[in-house]
Each structure stands twice: as C-alpha cells, then as structure tokens.
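**Q** Coordinates in structure_14.tsv, TSV, C-alpha atoms, are listed below.
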```tsv
chain	number	residue	atom	x	y	z
I	244	MET	CA	-22.68	-3.61	0.41
I	245	ALA	CA	-19.61	-5.80	0.84
I	246	GLU	CA	-17.96	-6.00	4.24
I	247	LEU	CA	-15.66	-3.04	4.80
I	248	LYS	CA	-11.92	-3.62	4.85
I	249	LEU	CA	-10.90	-1.83	8.03
I	250	ALA	CA	-7.40	-0.76	9.02
I	251	VAL	CA	-5.78	1.17	11.87
I	252	ARG	CA	-3.37	4.06	11.59
I	253	MET	CA	-0.51	2.95	13.80
I	254	ASP	CA	0.78	6.39	14.82
I	255	ALA	CA	-2.57	6.87	16.57
I	256	ILE	CA	-1.72	4.09	19.03
I	257	PRO	CA	0.26	5.50	22.00
I	258	GLY	CA	3.71	4.05	22.49
I	259	THR	CA	4.24	2.88	18.94
I	260	GLY	CA	7.98	3.07	18.29
I	261	ALA	CA	10.58	2.01	15.77
I	262	SER	CA	11.98	-0.89	17.80
I	263	ALA	CA	10.77	-4.39	16.97
I	264	THR	CA	9.47	-4.90	20.52
I	265	ALA	CA	7.48	-1.66	20.63
I	266	LEU	CA	6.11	-2.16	17.13
I	267	ARG	CA	5.07	-5.75	17.86
I	268	LYS	CA	3.22	-4.59	20.97
I	269	SER	CA	1.31	-1.90	19.06
I	270	LEU	CA	0.57	-4.24	16.15
I	271	THR	CA	-0.80	-6.78	18.64
I	272	ILE	CA	-3.18	-4.10	19.95
I	273	ALA	CA	-4.31	-3.35	16.38
I	274	ALA	CA	-4.87	-7.05	15.65
I	275	SER	CA	-6.95	-7.39	18.82
I	276	MET	CA	-9.37	-4.80	17.39
I	277	GLY	CA	-10.29	-7.23	14.62
I	278	VAL	CA	-8.59	-5.48	11.71
I	279	ARG	CA	-6.49	-7.26	9.14
I	280	SER	CA	-4.39	-4.35	7.90
I	281	VAL	CA	-2.59	-1.30	9.22
I	282	GLU	CA	-1.07	1.96	8.05
I	283	LEU	CA	2.49	2.51	9.23
I	284	CYS	CA	4.43	5.75	9.47
I	285	GLY	CA	7.46	5.73	7.19
I	286	ARG	CA	9.26	8.28	9.33
I	287	THR	CA	8.93	6.97	12.91
I	288	HIS	CA	7.79	3.32	12.85
I	289	VAL	CA	9.52	2.17	9.70
I	290	PRO	CA	12.33	4.45	8.55
I	291	VAL	CA	11.86	3.36	4.96
I	292	SER	CA	14.90	5.23	3.69
I	293	GLU	CA	17.15	3.30	6.09
I	294	LEU	CA	15.43	-0.08	6.52
I	295	SER	CA	17.85	-2.98	6.00
I	296	ASP	CA	17.08	-6.39	4.55
I	297	THR	CA	17.07	-7.76	8.09
I	298	GLY	CA	14.58	-5.08	9.13
I	299	VAL	CA	12.30	-5.97	6.23
I	300	ARG	CA	12.37	-9.67	7.14
I	301	THR	CA	11.75	-8.95	10.84
I	302	LEU	CA	8.76	-6.71	10.18
I	303	ARG	CA	7.22	-9.11	7.68
I	304	LYS	CA	7.60	-11.91	10.24
I	305	ILE	CA	5.81	-9.85	12.90
I	306	LEU	CA	2.98	-9.04	10.50
I	307	ASP	CA	2.63	-12.68	9.42
I	308	ASP	CA	2.51	-13.85	13.06
I	309	LEU	CA	-0.38	-11.45	13.71
I	310	ASN	CA	-2.15	-12.14	10.40
I	311	LEU	CA	-1.78	-8.50	9.38
I	312	ARG	CA	-0.81	-6.78	6.15
I	313	ILE	CA	0.20	-3.21	5.38
I	314	ALA	CA	-2.55	-1.20	3.70
I	315	SER	CA	-0.24	1.79	3.21
I	316	ILE	CA	2.78	3.58	4.58
I	317	ARG	CA	2.45	7.26	5.41
I	318	PHE	CA	5.47	9.13	4.10
I	319	GLN	CA	5.00	12.80	4.96
I	320	THR	CA	7.59	15.14	3.49
I	321	ARG	CA	8.38	18.47	5.12
I	322	PHE	CA	7.35	20.36	2.00
I	323	GLY	CA	5.16	19.47	-0.94
I	324	TYR	CA	6.37	18.61	-4.41
I	325	ASP	CA	5.41	22.11	-5.57
I	326	VAL	CA	8.32	23.63	-3.62
I	327	THR	CA	11.41	23.61	-5.82
I	328	ASP	CA	13.95	23.95	-2.99
I	329	HIS	CA	15.54	20.50	-2.48
I	330	LEU	CA	12.85	19.01	-4.73
I	331	ASP	CA	15.15	16.39	-6.24
I	332	GLU	CA	16.03	15.13	-2.76
I	333	ARG	CA	12.33	14.82	-1.84
I	334	VAL	CA	11.56	12.96	-5.05
I	335	ASP	CA	14.49	10.59	-4.52
I	336	ALA	CA	13.43	9.95	-0.90
I	337	THR	CA	9.87	9.24	-2.05
I	338	LYS	CA	11.09	6.77	-4.66
I	339	SER	CA	13.21	5.04	-2.02
I	340	ALA	CA	10.15	4.81	0.24
I	341	MET	CA	8.08	3.31	-2.59
I	342	LYS	CA	10.73	0.69	-3.26
I	343	THR	CA	10.98	-0.29	0.41
I	344	ALA	CA	7.19	-0.29	0.80
I	345	TYR	CA	6.91	-2.80	-2.03
I	346	ARG	CA	9.41	-5.08	-0.28
I	347	LEU	CA	7.17	-4.90	2.80
I	348	GLY	CA	4.11	-5.81	0.75
I	349	ALA	CA	2.51	-2.36	0.85
I	350	PRO	CA	0.73	-1.28	-2.35
I	351	LEU	CA	0.73	2.43	-1.47
I	352	ILE	CA	2.59	5.18	0.29
I	353	VAL	CA	0.52	8.24	1.26
I	354	ASN	CA	1.56	11.88	1.24
I	355	GLN	CA	0.03	15.32	0.83
I	356	ILE	CA	1.69	16.37	-2.40
I	357	GLY	CA	1.40	20.12	-1.73
I	358	THR	CA	-1.36	22.63	-2.28
I	359	VAL	CA	-2.59	22.19	-5.83
I	360	PRO	CA	-3.54	25.53	-7.43
I	361	PRO	CA	-6.40	25.75	-9.92
I	362	PRO	CA	-5.28	24.61	-13.39
I	363	PRO	CA	-3.78	27.51	-15.38
I	364	GLN	CA	-5.51	28.45	-18.61
I	365	ASN	CA	-3.79	27.79	-21.95
I	366	ILE	CA	-0.79	26.27	-20.19
I	367	ASP	CA	0.34	24.40	-23.30
I	368	GLN	CA	0.54	27.61	-25.29
I	369	ALA	CA	2.42	29.29	-22.46
I	370	VAL	CA	4.94	26.46	-22.28
I	371	LYS	CA	5.58	26.56	-26.03
I	372	LYS	CA	5.90	30.34	-25.90
I	373	ALA	CA	8.52	29.97	-23.16
I	374	GLY	CA	10.54	27.61	-25.34
I	375	SER	CA	10.32	29.97	-28.30
I	376	SER	CA	11.35	32.99	-26.23
I	377	LEU	CA	14.35	31.13	-24.83
I	378	LEU	CA	15.36	30.02	-28.31
I	379	LEU	CA	14.59	33.14	-30.36
I	380	GLY	CA	15.08	35.89	-27.82
I	381	SER	CA	13.08	39.09	-27.40
I	382	SER	CA	12.30	41.31	-30.37
I	383	SER	CA	13.82	44.21	-28.47
I	384	GLU	CA	17.24	42.55	-28.43
I	385	THR	CA	20.01	43.27	-30.88
I	386	ASP	CA	20.34	41.66	-34.27
I	387	ASP	CA	22.77	39.15	-32.73
I	388	ALA	CA	19.73	37.23	-31.46
I	389	ASP	CA	18.39	36.80	-34.98
I	390	TRP	CA	20.75	33.90	-35.71
I	391	SER	CA	17.80	31.60	-35.06
I	392	ASN	CA	16.03	32.92	-38.15
I	393	ASP	CA	18.50	30.95	-40.23
I	394	LEU	CA	17.34	27.64	-38.70
I	395	PRO	CA	14.92	25.44	-40.64
I	396	ALA	CA	11.39	25.88	-39.30
I	397	ASP	CA	11.04	22.24	-38.24
I	398	LEU	CA	14.35	22.32	-36.33
I	399	ALA	CA	13.45	25.60	-34.64
I	400	ALA	CA	10.09	24.17	-33.54
I	401	GLU	CA	11.73	20.99	-32.24
I	402	LEU	CA	14.26	22.98	-30.21
I	403	ALA	CA	11.55	25.25	-28.82
I	404	ASN	CA	9.44	22.28	-27.71
I	405	SER	CA	12.48	20.62	-26.16
I	406	ILE	CA	13.32	23.73	-24.15
I	407	ALA	CA	9.69	24.23	-23.18
I	408	SER	CA	9.43	20.68	-21.81
I	409	SER	CA	12.33	21.27	-19.43
I	410	ARG	CA	11.71	22.39	-15.86
I	411	ILE	CA	13.21	25.82	-16.46
I	412	GLY	CA	11.04	26.33	-19.52
I	413	LYS	CA	7.93	25.44	-17.55
I	414	ALA	CA	8.94	27.76	-14.74
I	415	ILE	CA	9.33	30.64	-17.17
I	416	ALA	CA	6.02	29.71	-18.76
I	417	GLY	CA	4.40	29.90	-15.34
I	418	GLN	CA	5.84	33.34	-14.66
I	419	GLY	CA	4.57	34.61	-18.00
I	420	ALA	CA	1.16	32.94	-17.92
I	421	LYS	CA	-0.10	33.23	-14.38
I	422	GLY	CA	2.77	33.88	-12.02
I	423	SER	CA	3.98	31.38	-9.47
I	424	GLU	CA	0.73	29.36	-9.40
I	425	ALA	CA	1.16	28.19	-12.98
I	426	SER	CA	4.80	27.36	-12.29
I	427	ARG	CA	3.85	25.32	-9.21
I	428	TRP	CA	1.10	23.53	-11.13
I	429	GLU	CA	3.54	22.54	-13.86
I	430	THR	CA	6.11	21.38	-11.31
I	431	LEU	CA	3.50	19.22	-9.58
I	432	ARG	CA	2.36	17.73	-12.87
I	433	GLU	CA	5.92	16.88	-13.84
I	434	VAL	CA	6.74	15.29	-10.47
I	435	MET	CA	3.49	13.32	-10.27
I	436	GLU	CA	4.08	11.94	-13.75
I	437	ASP	CA	7.61	10.90	-12.75
I	438	LEU	CA	6.46	9.25	-9.51
I	439	GLY	CA	3.51	7.59	-11.24
I	440	ARG	CA	5.79	5.97	-13.81
I	441	TYR	CA	8.19	4.89	-11.08
I	442	GLY	CA	5.31	3.36	-9.10
I	443	ALA	CA	4.30	1.26	-12.10
I	444	LYS	CA	7.90	0.10	-12.35
I	445	VAL	CA	8.44	-0.90	-8.69
I	446	GLY	CA	4.90	-2.06	-7.86
I	447	CYS	CA	4.03	0.53	-5.18
I	448	PHE	CA	2.31	3.84	-5.89
I	449	LEU	CA	2.27	7.24	-4.23
I	450	ALA	CA	-1.31	8.14	-3.25
I	451	ALA	CA	-2.03	11.88	-3.14
I	452	GLU	CA	-4.00	12.68	0.02
I	453	THR	CA	-6.93	15.08	-0.31
I	454	GLY	CA	-7.53	18.10	1.87
I	455	THR	CA	-5.39	21.06	0.87
I	456	GLU	CA	-7.34	21.70	-2.33
I	457	SER	CA	-10.71	20.83	-3.79
I	458	GLY	CA	-11.24	17.42	-5.33
I	459	LYS	CA	-11.83	19.10	-8.69
I	460	ASP	CA	-8.47	20.86	-8.65
I	461	LEU	CA	-6.64	17.66	-7.66
I	462	ALA	CA	-8.48	15.73	-10.38
I	463	ALA	CA	-7.59	18.37	-12.97
I	464	LEU	CA	-3.91	17.99	-12.14
I	465	LEU	CA	-3.95	14.19	-12.28
I	466	ASP	CA	-6.09	14.13	-15.43
I	467	ALA	CA	-3.36	16.20	-17.09
I	468	ILE	CA	-1.16	13.08	-16.88
I	469	PRO	CA	-3.16	10.82	-19.22
I	470	ASP	CA	-0.64	8.00	-19.59
I	471	THR	CA	0.25	7.62	-15.90
I	472	PHE	CA	-1.91	6.43	-13.01
I	473	VAL	CA	-1.65	8.38	-9.75
I	474	PRO	CA	-4.00	7.09	-7.02
I	475	VAL	CA	-5.68	9.19	-4.36
I	476	ALA	CA	-6.11	8.82	-0.60
I	477	LEU	CA	-9.52	10.26	0.28
I	478	ASN	CA	-9.51	12.10	3.63
I	479	PRO	CA	-12.99	13.56	4.20
I	480	GLY	CA	-12.01	15.16	7.51
I	481	GLN	CA	-9.25	17.21	5.90
I	482	LEU	CA	-11.59	18.30	3.12
I	483	ILE	CA	-14.13	19.50	5.67
I	484	ILE	CA	-11.50	21.28	7.76
I	485	ASN	CA	-10.41	23.22	4.67
I	486	ARG	CA	-14.06	23.85	3.68
I	487	PHE	CA	-14.21	21.67	0.58
I	488	ARG	CA	-17.11	19.39	-0.32
I	489	VAL	CA	-16.55	15.67	0.16
I	490	ASP	CA	-19.22	14.60	-2.34
I	491	GLU	CA	-17.67	16.74	-5.08
I	492	ALA	CA	-14.25	15.25	-4.35
I	493	ILE	CA	-15.59	11.69	-4.64
I	494	ASN	CA	-17.34	12.49	-7.91
I	495	ALA	CA	-14.25	14.18	-9.36
I	496	LEU	CA	-11.66	11.61	-8.23
I	497	ALA	CA	-13.83	8.49	-8.57
I	498	SER	CA	-11.77	5.48	-9.67
I	499	ARG	CA	-8.52	7.12	-8.56
I	500	ILE	CA	-9.56	6.67	-4.90
I	501	SER	CA	-7.47	3.74	-3.69
I	502	ILE	CA	-7.62	4.22	0.10
I	503	VAL	CA	-9.95	6.10	2.46
I	504	HIS	CA	-8.88	7.67	5.73
I	505	ALA	CA	-12.02	7.62	7.86
I	506	VAL	CA	-11.48	10.99	9.54
I	507	ASP	CA	-14.30	13.33	10.51
I	508	GLY	CA	-14.16	17.09	10.80
I	509	VAL	CA	-16.12	20.17	11.68
I	510	VAL	CA	-15.69	23.89	11.09
I	511	ASP	CA	-15.40	25.75	14.40
I	512	LEU	CA	-17.03	29.08	13.55
I	513	ALA	CA	-16.02	30.61	16.87
I	514	ALA	CA	-12.36	29.76	16.34
I	515	GLY	CA	-12.55	30.47	12.61
I	516	ARG	CA	-10.93	27.19	11.64
I	517	GLY	CA	-11.69	23.53	11.06
I	518	VAL	CA	-10.78	20.73	13.46
I	519	SER	CA	-10.75	16.95	13.21
I	520	VAL	CA	-13.09	15.06	15.52
I	521	PRO	CA	-13.91	11.38	16.22
I	522	VAL	CA	-15.71	9.54	13.44
I	523	GLY	CA	-19.44	10.22	13.55
I	524	GLU	CA	-19.15	13.42	15.60
I	525	GLY	CA	-18.45	15.81	12.72
I	526	THR	CA	-20.20	16.85	9.53
I	527	ALA	CA	-18.95	14.02	7.33
I	528	ASP	CA	-21.98	12.05	6.10
I	529	PHE	CA	-20.44	8.59	6.19
I	530	PRO	CA	-23.58	6.65	5.13
I	531	SER	CA	-23.91	8.83	2.02
I	532	MET	CA	-20.16	8.67	1.44
I	533	LEU	CA	-20.15	4.88	1.54
I	534	GLY	CA	-23.00	4.82	-0.95
I	535	ARG	CA	-21.09	7.06	-3.37
I	536	LEU	CA	-17.96	4.94	-2.97
I	537	GLU	CA	-19.97	1.77	-3.56
I	538	ASP	CA	-21.20	3.21	-6.86
I	539	ILE	CA	-17.62	3.65	-8.19
I	540	PRO	CA	-17.17	0.77	-7.05
I	541	TYR	CA	-14.57	1.21	-4.29
I	542	ARG	CA	-13.17	-1.94	-2.69
I	543	GLY	CA	-10.15	-0.58	-0.83
I	544	PRO	CA	-9.43	-0.16	2.90
I	545	PHE	CA	-10.88	2.34	5.38
I	546	VAL	CA	-8.20	3.52	7.81
I	547	VAL	CA	-9.25	4.85	11.21
I	548	GLY	CA	-7.13	7.11	13.38
I	549	ARG	CA	-5.95	10.70	13.32
I	550	PRO	CA	-2.76	12.36	14.57
I	551	GLU	CA	-4.55	14.71	17.00
I	552	MET	CA	-5.98	11.92	19.19
I	553	ARG	CA	-5.37	12.24	22.93
I	554	PRO	CA	-3.13	9.40	24.15
I	555	GLU	CA	-5.35	8.58	27.15
I	556	THR	CA	-8.43	8.05	24.98
I	557	ALA	CA	-6.85	6.98	21.68
I	558	ILE	CA	-7.51	3.24	21.98
I	559	MET	CA	-11.15	3.83	22.93
I	560	GLU	CA	-11.64	6.23	20.02
I	561	LEU	CA	-10.12	3.75	17.57
I	562	GLN	CA	-12.43	1.00	18.81
I	563	GLN	CA	-15.46	3.28	18.62
I	564	SER	CA	-14.54	4.37	15.09
I	565	LEU	CA	-14.24	0.76	13.96
I	566	GLU	CA	-17.57	-0.11	15.57
I	567	TYR	CA	-19.24	2.90	13.93
I	568	LEU	CA	-18.08	1.82	10.47
I	569	ARG	CA	-19.00	-1.83	11.06
I	570	ASN	CA	-22.52	-0.79	12.02
I	571	LEU	CA	-22.92	1.01	8.69
```
For the structure just supplied, provide its representation as structure tokens.
**A**
Amino acid sequence: MAELKLAVRMDAIPGTGASATALRKSLTIAASMGVRSVELCGRTHVPVSELSDTGVRTLRKILDDLNLRIASIRFQTRFGYDVTDHLDERVDATKSAMKTAYRLGAPLIVNQIGTVPPPPQNIDQAVKKAGSSLLLGSSSETDDADWSNDLPADLAAELANSIASSRIGKAIAGQGAKGSEASRWETLREVMEDLGRYGAKVGCFLAAETGTESGKDLAALLDAIPDTFVPVALNPGQLIINRFRVDEAINALASRISIVHAVDGVVDLAAGRGVSVPVGEGTADFPSMLGRLEDIPYRGPFVVGRPEMRPETAIMELQQSLEYLRNL
C-alpha cells in the first residue's frame, strides 16, 4: 500500500482563529505533526464569501512558508440543499466558496448536502405527469381548460416536458408520487447537478459528506446525474453514528470517494445514540477500510480531527490518530 496522505482538520486545533497570526500559529502546529495538507473551515478560519485578494495572497504565503497545501475547505450550511427556504442563497454562497477555494489551491469544499431520502420509484413518469397536468388541467375542470387539445401533439409534449423540468413541476411531481420525500430528492438532484457543473467550470468541486443517509441512497442520487461528477467525502464515524454500514458505503460510492475523514464512532446502546470517538477506539475497521479503498484505488487524503474533541486533549488525540494511521 502506498504511503497515506495525511491531513489535519484545523478546527480541531484549539485557538485556531480567522486572524493571520492565529491561523499561522495553528498551521505551524499542524506542520509540526508531519502532515503536508490541512482542512480549513470556510466559516471561521477562512470566510470564503468575504475573502479579499489580499487575504488570498496572505494565506497562500503562510501555507507556502510551512510547506502545506489545502486538502479541502469545510463549508457547512445551516440547512441542506433539500430545504427550499432560501435555497438560492445557499447555492450562491456555495458557488462563491468553490470559486474562492480554487484561488486558494483547494480542490474540494466539503458539506453535508442534507438527508437524502431513498430514490422515489418511477420519478420520471411522475415528473412528466406533473408537466402534463399543469399544461392540460384536470379532467374535472370546465371545458375552458380544453384549449390545449387544439395544440399539435409534438408541441404539447414539448411544453409538458419543459414545465416538468422546472422546479415547480418537480415539486408537484413529488407531491403526487411520494409526498415530500420525492420532492426533496428531486430538489437535491437538481442542485447537485448545478453545483457539479459549476465545479467543473471553476476547478473546485463540492464533496458530499456521508453520514445522514446510507451510502446506497447517496450513490443512487449521484448516479441519477450521469453527465456531472459529484465527489464524496467518506466519513465512517458519521455512518456508524447513524447506524449505516461503512463497507456498503465504500462499495456503493467507490470512485466518487475523493477525501476520507478518519473519524471513528460507536453506538452507545445505553444512551440510545451514536457518538464519535478517537480513531481506533470505535467500531470502524480501519485496516479493512483501507484495503477496500486500496482496491478502488483511492489515492486521496485522510483527514484526522473531529469537532467534538476536548480542547485540553485535542493535540494529543490528533497526534495519536496520525500515528495510528501511519502504523497501518
């Protein structure tokens, strides 16, 4: 197996701030651990929606001085892309983050895209039916709705497909086919296709982080966008916490996996919930996981660090996590 490319999640290091001085200090700590890349937070460390040209140059200079590069930038939105309220603003903010991340040399930004429901059945037929119903109206309506019968069949079909492909048509299709889940699934598919195309344009992609749904359900959504590549950030700890199988996720997502967050987890039966734990202390089978990733083959970074780390022991845990992975 090739040597692992290890990285540190910077918001796990206590005292990491947005100022150049604080960020340089934390990046120096990360470099001292022997890593060559880091994951930054696009909300606190690097406000990507507000970063000026001077800020970009300053940060790149700090990284060059420490021989570090950015593996990814975490850009967590308050809600997922399945929530329609203020969706356009979230999409625009994500695109802005992708553009800034590229200027910083980061190939990925990472976000949990929202809980992906199971793929609805016969969604294409439901979408087309929605377009037809919007165009032709209900049979119970008055004869005034029958004006569409005078349209040529090819024109009527074209208009129905056009309406069905719109967001409102898909929402109505979701309500008729399988309620809100189908509508959310269609919204996610539309947004991921849009962001995937934008990523190809600007040179930085949004990676969908695993954990809130099974790997199979996430793969089904992304496979429904055949002409657009959307990468995945594998987080085994989050999968375990939500009681999904890591091996199934790796098999389903395979070549889409572009970054791995080396987080462990365990289900606390007494508390009735899952919790993240230091690497090697949970139920994640990292030796087996590395073998499966090697078979893909996966050559991306492994990022250590989790947001729940205690400040007084965070540095020690990061060092121990890196040592654990190096020993594998």
**Q** Given the point (9.7, 7.2, -1.4) in the file's coordinates, find the residues that have an atom at most 10 Å from it, counting all atoms listed in the file, and give them as a list in words.
**A**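 Returned residue set, sorted by chain then number, is Gly285, Val291, Ser292, Ile316, Arg317, Phe318, Gln319, Thr320, Arg333, Val334, Asp335, Ala336, Thr337, Lys338, Ser339, Ala340, Met341, Lys342, Thr343, Ala344, Ile352, Val353, Asn354, Leu438, Gly442, Cys447, Phe448 and Leu449 of chain I.
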**Q** Please determine, counting all atoms listed in the file, which residue among I:Phe545, I:Arg346, I:Val518, I:Gly323 has the shortest atom-to-atom distance to Ser295 of chain I.
**A**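 Between I:Phe545, I:Arg346, I:Val518, I:Gly323, the residue approaching Ser295 of chain I most closely is I:Arg346.
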**Q** Find the nearest atom pair between each residue of segment 481-571 of chain I and segment 251-271 of chain I for residues within 8 Å, count only C-alpha atoms, give distances in Å to one decimal, sort rows by chain and ascending number, and present the table as a Markdown table.
**A**
```
| residue | atom | partner | partner_atom | distance |
| --- | --- | --- | --- | --- |
| I:Val546 | CA | I:Val251 | CA | 5.3 |
| I:Val547 | CA | I:Val251 | CA | 5.1 |
| I:Gly548 | CA | I:Arg252 | CA | 5.2 |
| I:Arg549 | CA | I:Ala255 | CA | 6.1 |
| I:Pro550 | CA | I:Ala255 | CA | 5.8 |
| I:Met552 | CA | I:Ala255 | CA | 6.6 |
| I:Pro554 | CA | I:Pro257 | CA | 5.6 |
| I:Ala557 | CA | I:Ile256 | CA | 6.5 |
| I:Ile558 | CA | I:Ile256 | CA | 6.6 |
| I:Leu561 | CA | I:Val251 | CA | 7.6 |
```
**Q** Given the choices I:Leu431, I:Ile305, I:Ile539, I:Val359, which gets closest to Leu461 of chain I if the distance is worked out from all atoms listed in the file?
**A**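 Between I:Leu431, I:Ile305, I:Ile539, I:Val359, the residue approaching Leu461 of chain I most closely is I:Val359.
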**Q** With distances taken over all atoms listed in the file, which residue among I:Gly357, I:Gln481, I:Glu456, I:Tyr324 lies nearest Asp437 of chain I?
**A**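 For Asp437 of chain I, the nearest of the candidates is I:Tyr324.
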**Q** Rank nothing, just name the residue among I:Gly446, I:Gly277, I:Gly480, I:Gly298 nearest to Asn310 of chain I, using all atoms listed in the file.
**A**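 Of the candidates, the smallest distance to Asn310 of chain I is held by I:Gly277.
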